[in-house]
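Below you'll find the structure, written out as structure tokens, and then a few comments.
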Amino acid sequence: MYKGLIVNKKLVVLAVSSALGLTACGGEAELSGGTTNNSYEDYIQESLKSPTQIDFQLAGAGSNVPGPSFILMNQTDGTLDIPTGGDNALSNPAAAMGTMDGWPVSMPMVLSFKGAGLADGFATTGISIVKLTEGLTDENPSVERVLQVGVDFNVMTSADSDSAVVIFTQPLEASSEYAFAITNAFTDTNGEAVGMTSSYATLISQTNPTVVDSLKAASAVTQGVNAIFAATGIQPEDIVYSSWFSTQSVGNTLYATKAAIATGAEAGNFNTVWKGSANPNGVDMSQAYLMSVPASGQDYAAAIQADSNFSAFVDPDGTVAPALIGAYAAGTVTVTNGTVKLPYFLEKDASSWNTTPFESGMPSLAVISSALSDTGEASTVTQQLVQAGIDVSKLTDDTSEQLKLIGLTLENSTGSQLDSERVITGYSPVPQVKSLDDVPFILFTPTTTTGAMELVIYQHGITSAKESAYAFAANLINGAKGLGKDIAILAIDQPIHGERSLDATRSANVDPTNYLNLSYLPVGRDNLRQSILDNVGLRAAVSISQGAGLFGSTPLATLDDTTTNSPSLFGHSLGGITGFGTVATANNTLGSADADNLFKYSRIAAANTGGQIVNLLIASGSFGPLIVDTVTAGVSDAEKEGVLNQFAYAAQTVLDTVDPLNLVSLNDATETNVLNGLPIYMQQVKDDDTVPNSVATAPFAGTIPLATILGLNEVTQASTATSGGRNFTKFSNVGHHSSVIAPQDVNLADLSHTTEMQSQLVQFLTGVAEDFTVADSSVLE
């Protein structure tokens, strides 16, 4: 019924062993049959004499494989296989990278050299990159596109680190295949051509090929790469290093979980989906995605005074509530508190809540495929698949067959569990459910309605809580009524925030790293995943509950049919980061109109948010110092920059799959950007100290790069013209990070900013017109 759960992720089972397994060997001389350089072709012998070489060594103490490379991919499960130094705990960033099914799409390539070294500057020749139609282990890969230096990427060289950094101008495509080659046109600090190492020579030589069996496949692949570059006009004899690499899947777990929700909704019972090993705690899922809405609420003024969560998480000194009440038009807004049953895919136990990421509820298709290609395992695994009612011949590309893997446990020929690690990847994307939670929500509605009411779902920022909506909800609801629209605002807490804090200390309101989790990167990633899936689930719960008649005689009784009039979303800061992920996932079609209508959003507004999360946070004035101090604790000043760069690369590799920069580029079944044409509104304040506008050293980080990749029209003092319902308003630096929620300046210097921000926001969210009117251009940048 639905598009494949394994979205655009090819089943590549590499016939290549990890070459770094050879590091215990005596040295590079053991990799080839010859004992002297004279065993190689003349052009190789000349290249080996070069004073500067790419730092590629397959054996010995200095072993190093410049990534990204197919050599550093696991041949069984398709994940990265980064050397961990024997520390395989997920607290090791290298091991954390090993949970990913490919290389990052938004990070640069860093290629190190040794010898005479490089000069500082930019290289315009000597490095070529191509996008391939398929991987090198498939039958006939060809060049889909040649990336152009100066257009698609730039190359910066550094004398201090003797490295060339390839910086892409656009993120690479997810679940795709690329190859790159360095030629002798690339020169060192003295202007001399760089050369190859003997490790590379053993992979490409015809006269002196490698004698190591485990490297023969790598040799074949490398020669295949060079043949591909030959088709582009590059002579293989000029190549001193080359490799092929696969980029990771983006959003597959989010999409597949959404498909699982749709499957359960269609069946009328989510226990039919989350069963067996997908439900290790035996959670009863029969009431999942249902809302409990009280018959009546309280007037806004009474509610805010009685709300202990508002005083605890938003207004601890008690000064905000009186100001809000003083500005409130009495008797116009009703506040209702209820719950929605949402699955929680993370642990809560004190011993594992911050060390255990999502675990897959299905065996990996890559591992299954590897077993089926193994003559010693094929019959055992095939028999179990057939017993489970699975057509093995259709398993790799048929969603209905893939869905049958959820909850299934397979054994190998020795009786051990096949794929016992249950790492979440594009090959095994549906997570185990750990609990079904009564997630509290807060609902703001007009006390009196004149017609069908439309819904806005709100996502708050980090260290905040759903009750922050008190600060703007009455203004938006009454502002919408002034435009002839009735809107309701619905919000839940982000995981580990507000009422969803696990206890007094295990709370992001106390310590943001409880959510960001710098120590266990896959858990930090999955906190973001949980946030997105919560709001994808909340959106579905609204339509499911409405269809079940649960809103009658409640403040949501007049809510318009949400399957035909989709809700909108407003996210602030972290809420925009997860908000874009929510809408990109929700609006990515399942191929069924009935299913899609459970999830769709009509529009998204986001204030002071951004993309490339890791570099954004490191550059943040609010969070950067905390991250830098945490990551570089105990490191000498001379080593800090290198350690921080390594951490940033590992962390963004792990987070790329949930980063809004990448999720907004997701393609739907028509191969068009899933957010193309969707009304989008973004705000920023100049020089935001929490979410930077942009980051000089990281071109994809911050608010502006996200707005740019979305193709939004900028609204500033220089041009207040809006366009096409897709606009990005830049406010002056008198505003603050949270001015859109409420004035932040003690002297109310940003009050005019708040007024204009909320005016534009309510115009956009009501959809009264495609574009909004700027009333006060003086607050714009």
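As shown in the structure tokens, the chain order sets the letters A, B, ...; within each chain, residues go from 1, and ligands are also counted from 1 in the order they appear.
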
Residues near A:Leu518, anyone? I mean within 8 Å using only C-alpha atoms, not counting same-chain ones fewer than 6 positions away, as a PyMOL selection string. chain A and resi 524+627+630-631

Can you write just those residues out, N, CA and C atoms, as a PDB file, in the first residue's frame?
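Below you can see selection.pdb, which holds the result:
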```
ATOM      1  N   GLY A 524      21.360  11.380  21.671  1.00  0.00           N
ATOM      2  CA  GLY A 524      20.994  12.751  21.343  1.00  0.00           C
ATOM      3  C   GLY A 524      20.227  12.821  20.032  1.00  0.00           C
ATOM      4  N   ILE A 627      29.317  23.295  25.171  1.00  0.00           N
ATOM      5  CA  ILE A 627      29.713  22.172  24.327  1.00  0.00           C
ATOM      6  C   ILE A 627      31.229  22.096  24.202  1.00  0.00           C
ATOM      7  N   THR A 630      32.774  20.887  27.431  1.00  0.00           N
ATOM      8  CA  THR A 630      32.482  19.470  27.676  1.00  0.00           C
ATOM      9  C   THR A 630      33.326  18.575  26.788  1.00  0.00           C
ATOM     10  N   VAL A 631      33.401  18.922  25.522  1.00  0.00           N
ATOM     11  CA  VAL A 631      34.100  18.080  24.541  1.00  0.00           C
ATOM     12  C   VAL A 631      35.605  18.117  24.728  1.00  0.00           C
TER      13      VAL A 631
END
```

Which of stretch 493-695 of chain A fall in helix (DSSP H, G or I), as a ChimeraX atom specification: /A:498-500,513-516,521-547,574-586,593-596,613-619,624-631,637-658,660-663

Serialized selection, C-alpha atoms, as a PDB file, in the first residue's frame:
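Result file is again.pdb:
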```
ATOM      1  CA  GLY A 498       8.466  20.096  31.294  1.00  0.00           C
ATOM      2  CA  GLU A 499       5.992  17.495  32.501  1.00  0.00           C
ATOM      3  CA  ARG A 500       7.883  14.905  30.466  1.00  0.00           C
ATOM      4  CA  THR A 513      22.641  18.145  27.724  1.00  0.00           C
ATOM      5  CA  ASN A 514      20.062  15.756  29.148  1.00  0.00           C
ATOM      6  CA  TYR A 515      18.396  16.217  25.758  1.00  0.00           C
ATOM      7  CA  LEU A 516      21.344  17.115  23.524  1.00  0.00           C
ATOM      8  CA  LEU A 521      25.558  10.913  20.270  1.00  0.00           C
ATOM      9  CA  PRO A 522      23.051   8.298  19.005  1.00  0.00           C
ATOM     10  CA  VAL A 523      20.857   9.017  22.048  1.00  0.00           C
ATOM     11  CA  GLY A 524      20.994  12.751  21.343  1.00  0.00           C
ATOM     12  CA  ARG A 525      19.985  12.009  17.754  1.00  0.00           C
ATOM     13  CA  ASP A 526      17.107   9.848  18.923  1.00  0.00           C
ATOM     14  CA  ASN A 527      15.836  12.456  21.348  1.00  0.00           C
ATOM     15  CA  LEU A 528      15.350  14.559  18.214  1.00  0.00           C
ATOM     16  CA  ARG A 529      13.747  11.602  16.455  1.00  0.00           C
ATOM     17  CA  GLN A 530      11.387  11.123  19.376  1.00  0.00           C
ATOM     18  CA  SER A 531      10.450  14.816  19.226  1.00  0.00           C
ATOM     19  CA  ILE A 532       9.604  14.552  15.544  1.00  0.00           C
ATOM     20  CA  LEU A 533       7.715  11.279  15.887  1.00  0.00           C
ATOM     21  CA  ASP A 534       5.763  12.697  18.850  1.00  0.00           C
ATOM     22  CA  ASN A 535       4.443  15.528  16.716  1.00  0.00           C
ATOM     23  CA  VAL A 536       3.895  13.332  13.673  1.00  0.00           C
ATOM     24  CA  GLY A 537       1.959  11.090  16.078  1.00  0.00           C
ATOM     25  CA  LEU A 538       0.101  13.989  17.682  1.00  0.00           C
ATOM     26  CA  ARG A 539      -0.981  15.151  14.242  1.00  0.00           C
ATOM     27  CA  ALA A 540      -2.278  11.659  13.422  1.00  0.00           C
ATOM     28  CA  ALA A 541      -3.912  11.380  16.847  1.00  0.00           C
ATOM     29  CA  VAL A 542      -5.965  14.507  16.137  1.00  0.00           C
ATOM     30  CA  SER A 543      -7.487  13.002  12.991  1.00  0.00           C
ATOM     31  CA  ILE A 544      -7.860   9.521  14.470  1.00  0.00           C
ATOM     32  CA  SER A 545      -9.545  10.888  17.598  1.00  0.00           C
ATOM     33  CA  GLN A 546     -11.721  13.261  15.613  1.00  0.00           C
ATOM     34  CA  GLY A 547     -12.791  10.403  13.348  1.00  0.00           C
ATOM     35  CA  LEU A 574      14.472  23.755  18.750  1.00  0.00           C
ATOM     36  CA  GLY A 575      10.764  23.596  17.920  1.00  0.00           C
ATOM     37  CA  GLY A 576      11.597  24.817  14.424  1.00  0.00           C
ATOM     38  CA  ILE A 577      14.399  22.267  14.078  1.00  0.00           C
ATOM     39  CA  THR A 578      12.058  19.431  15.007  1.00  0.00           C
ATOM     40  CA  GLY A 579       9.160  21.252  13.333  1.00  0.00           C
ATOM     41  CA  PHE A 580      10.707  21.138   9.888  1.00  0.00           C
ATOM     42  CA  GLY A 581      11.490  17.466  10.478  1.00  0.00           C
ATOM     43  CA  THR A 582       7.884  16.915  11.530  1.00  0.00           C
ATOM     44  CA  VAL A 583       6.372  18.564   8.457  1.00  0.00           C
ATOM     45  CA  ALA A 584       8.877  17.023   6.020  1.00  0.00           C
ATOM     46  CA  THR A 585       8.067  13.576   7.421  1.00  0.00           C
ATOM     47  CA  ALA A 586       4.326  14.170   7.676  1.00  0.00           C
ATOM     48  CA  ALA A 593      -4.513   9.704   0.025  1.00  0.00           C
ATOM     49  CA  ASP A 594      -6.358   8.286   3.040  1.00  0.00           C
ATOM     50  CA  ALA A 595      -3.104   7.632   4.865  1.00  0.00           C
ATOM     51  CA  ASP A 596      -1.528  10.949   3.861  1.00  0.00           C
ATOM     52  CA  ILE A 613      22.652  21.281  14.266  1.00  0.00           C
ATOM     53  CA  VAL A 614      26.156  20.536  15.557  1.00  0.00           C
ATOM     54  CA  ASN A 615      27.946  23.513  14.012  1.00  0.00           C
ATOM     55  CA  LEU A 616      24.962  25.690  14.904  1.00  0.00           C
ATOM     56  CA  LEU A 617      25.290  24.703  18.561  1.00  0.00           C
ATOM     57  CA  ILE A 618      29.071  25.090  18.658  1.00  0.00           C
ATOM     58  CA  ALA A 619      28.711  28.636  17.273  1.00  0.00           C
ATOM     59  CA  GLY A 624      28.673  26.820  22.370  1.00  0.00           C
ATOM     60  CA  PRO A 625      30.813  27.391  25.489  1.00  0.00           C
ATOM     61  CA  LEU A 626      29.111  24.484  27.275  1.00  0.00           C
ATOM     62  CA  ILE A 627      29.713  22.172  24.327  1.00  0.00           C
ATOM     63  CA  VAL A 628      33.311  23.238  23.794  1.00  0.00           C
ATOM     64  CA  ASP A 629      34.145  22.877  27.495  1.00  0.00           C
ATOM     65  CA  THR A 630      32.482  19.470  27.676  1.00  0.00           C
ATOM     66  CA  VAL A 631      34.100  18.080  24.541  1.00  0.00           C
ATOM     67  CA  ASP A 637      45.119  24.136  24.329  1.00  0.00           C
ATOM     68  CA  ALA A 638      47.173  22.982  21.363  1.00  0.00           C
ATOM     69  CA  GLU A 639      44.908  20.010  20.797  1.00  0.00           C
ATOM     70  CA  LYS A 640      41.521  21.619  21.445  1.00  0.00           C
ATOM     71  CA  GLU A 641      40.734  22.700  17.891  1.00  0.00           C
ATOM     72  CA  GLY A 642      41.549  19.287  16.467  1.00  0.00           C
ATOM     73  CA  VAL A 643      39.498  17.477  19.114  1.00  0.00           C
ATOM     74  CA  LEU A 644      36.554  19.820  18.587  1.00  0.00           C
ATOM     75  CA  ASN A 645      36.692  19.361  14.798  1.00  0.00           C
ATOM     76  CA  GLN A 646      36.766  15.590  15.157  1.00  0.00           C
ATOM     77  CA  PHE A 647      33.816  15.706  17.530  1.00  0.00           C
ATOM     78  CA  ALA A 648      31.863  18.008  15.196  1.00  0.00           C
ATOM     79  CA  TYR A 649      32.417  15.667  12.262  1.00  0.00           C
ATOM     80  CA  ALA A 650      31.360  12.588  14.232  1.00  0.00           C
ATOM     81  CA  ALA A 651      28.390  14.317  15.843  1.00  0.00           C
ATOM     82  CA  GLN A 652      27.031  15.765  12.607  1.00  0.00           C
ATOM     83  CA  THR A 653      27.522  12.405  10.892  1.00  0.00           C
ATOM     84  CA  VAL A 654      25.202  10.940  13.509  1.00  0.00           C
ATOM     85  CA  LEU A 655      22.730  13.842  13.365  1.00  0.00           C
ATOM     86  CA  ASP A 656      22.627  14.327   9.590  1.00  0.00           C
ATOM     87  CA  THR A 657      19.791  11.828   9.284  1.00  0.00           C
ATOM     88  CA  VAL A 658      17.489  14.038  11.419  1.00  0.00           C
ATOM     89  CA  PRO A 660      16.250  19.879   9.123  1.00  0.00           C
ATOM     90  CA  LEU A 661      18.700  21.020   6.448  1.00  0.00           C
ATOM     91  CA  ASN A 662      18.563  17.508   4.989  1.00  0.00           C
ATOM     92  CA  LEU A 663      14.999  16.558   5.876  1.00  0.00           C
TER      93      LEU A 663
END
```

Can you tell me, as a ChimeraX atom specification, what residues are no more than 10 Å from A:Pro429 when counting only C-alpha atoms, ignoring any on the same chain fewer than 3 positions away? /A:5-7,251-257,358-365,406,422-426,432

What does the file look like for those residues with C-alpha atoms, as a PDB file, in the first residue's frame?
```
ATOM      1  CA  LEU A   5      10.046   1.435   4.012  1.00  0.00           C
ATOM      2  CA  ILE A   6      13.623   1.379   2.785  1.00  0.00           C
ATOM      3  CA  VAL A   7      13.389   4.757   1.069  1.00  0.00           C
ATOM      4  CA  GLY A 251      14.717  10.434   7.518  1.00  0.00           C
ATOM      5  CA  ASN A 252      14.134   6.726   6.822  1.00  0.00           C
ATOM      6  CA  THR A 253      13.298   5.861  10.424  1.00  0.00           C
ATOM      7  CA  LEU A 254      10.880   8.781  10.609  1.00  0.00           C
ATOM      8  CA  TYR A 255       9.190   7.826   7.364  1.00  0.00           C
ATOM      9  CA  ALA A 256       9.056   4.105   8.117  1.00  0.00           C
ATOM     10  CA  THR A 257       7.593   4.721  11.575  1.00  0.00           C
ATOM     11  CA  PHE A 358      16.421   3.594  19.507  1.00  0.00           C
ATOM     12  CA  GLU A 359      16.651  -0.141  18.903  1.00  0.00           C
ATOM     13  CA  SER A 360      15.258  -1.658  15.751  1.00  0.00           C
ATOM     14  CA  GLY A 361      12.060  -3.645  15.898  1.00  0.00           C
ATOM     15  CA  MET A 362      13.065  -5.668  12.843  1.00  0.00           C
ATOM     16  CA  PRO A 363      16.143  -7.530  11.608  1.00  0.00           C
ATOM     17  CA  SER A 364      18.254  -5.575   9.137  1.00  0.00           C
ATOM     18  CA  LEU A 365      17.547  -6.198   5.463  1.00  0.00           C
ATOM     19  CA  ILE A 406       8.608  -5.972  12.123  1.00  0.00           C
ATOM     20  CA  ARG A 422      19.331  -4.212  16.225  1.00  0.00           C
ATOM     21  CA  VAL A 423      20.964  -0.948  15.148  1.00  0.00           C
ATOM     22  CA  ILE A 424      18.514   1.503  13.570  1.00  0.00           C
ATOM     23  CA  THR A 425      19.516   2.140   9.934  1.00  0.00           C
ATOM     24  CA  GLY A 426      17.787   2.562   6.603  1.00  0.00           C
ATOM     25  CA  GLN A 432      11.000  -0.956  19.170  1.00  0.00           C
TER      26      GLN A 432
END
```

Residues of stretch 239-443 of chain A in strand (DSSP E or B) according to DSSP, as an NGL selection string? :A and (239-247 or 291-292 or 298-299 or 333-344 or 359-360 or 411 or 417 or 423 or 425 or 428 or 431 or 435-443)

Could you pull the residues within 6 Å of stretch 716-732 of chain A, counting only C-alpha atoms, minus those fewer than 5 positions along the same chain, as number ranges by chain? A: 679-686, 770-771, 777, 779-781
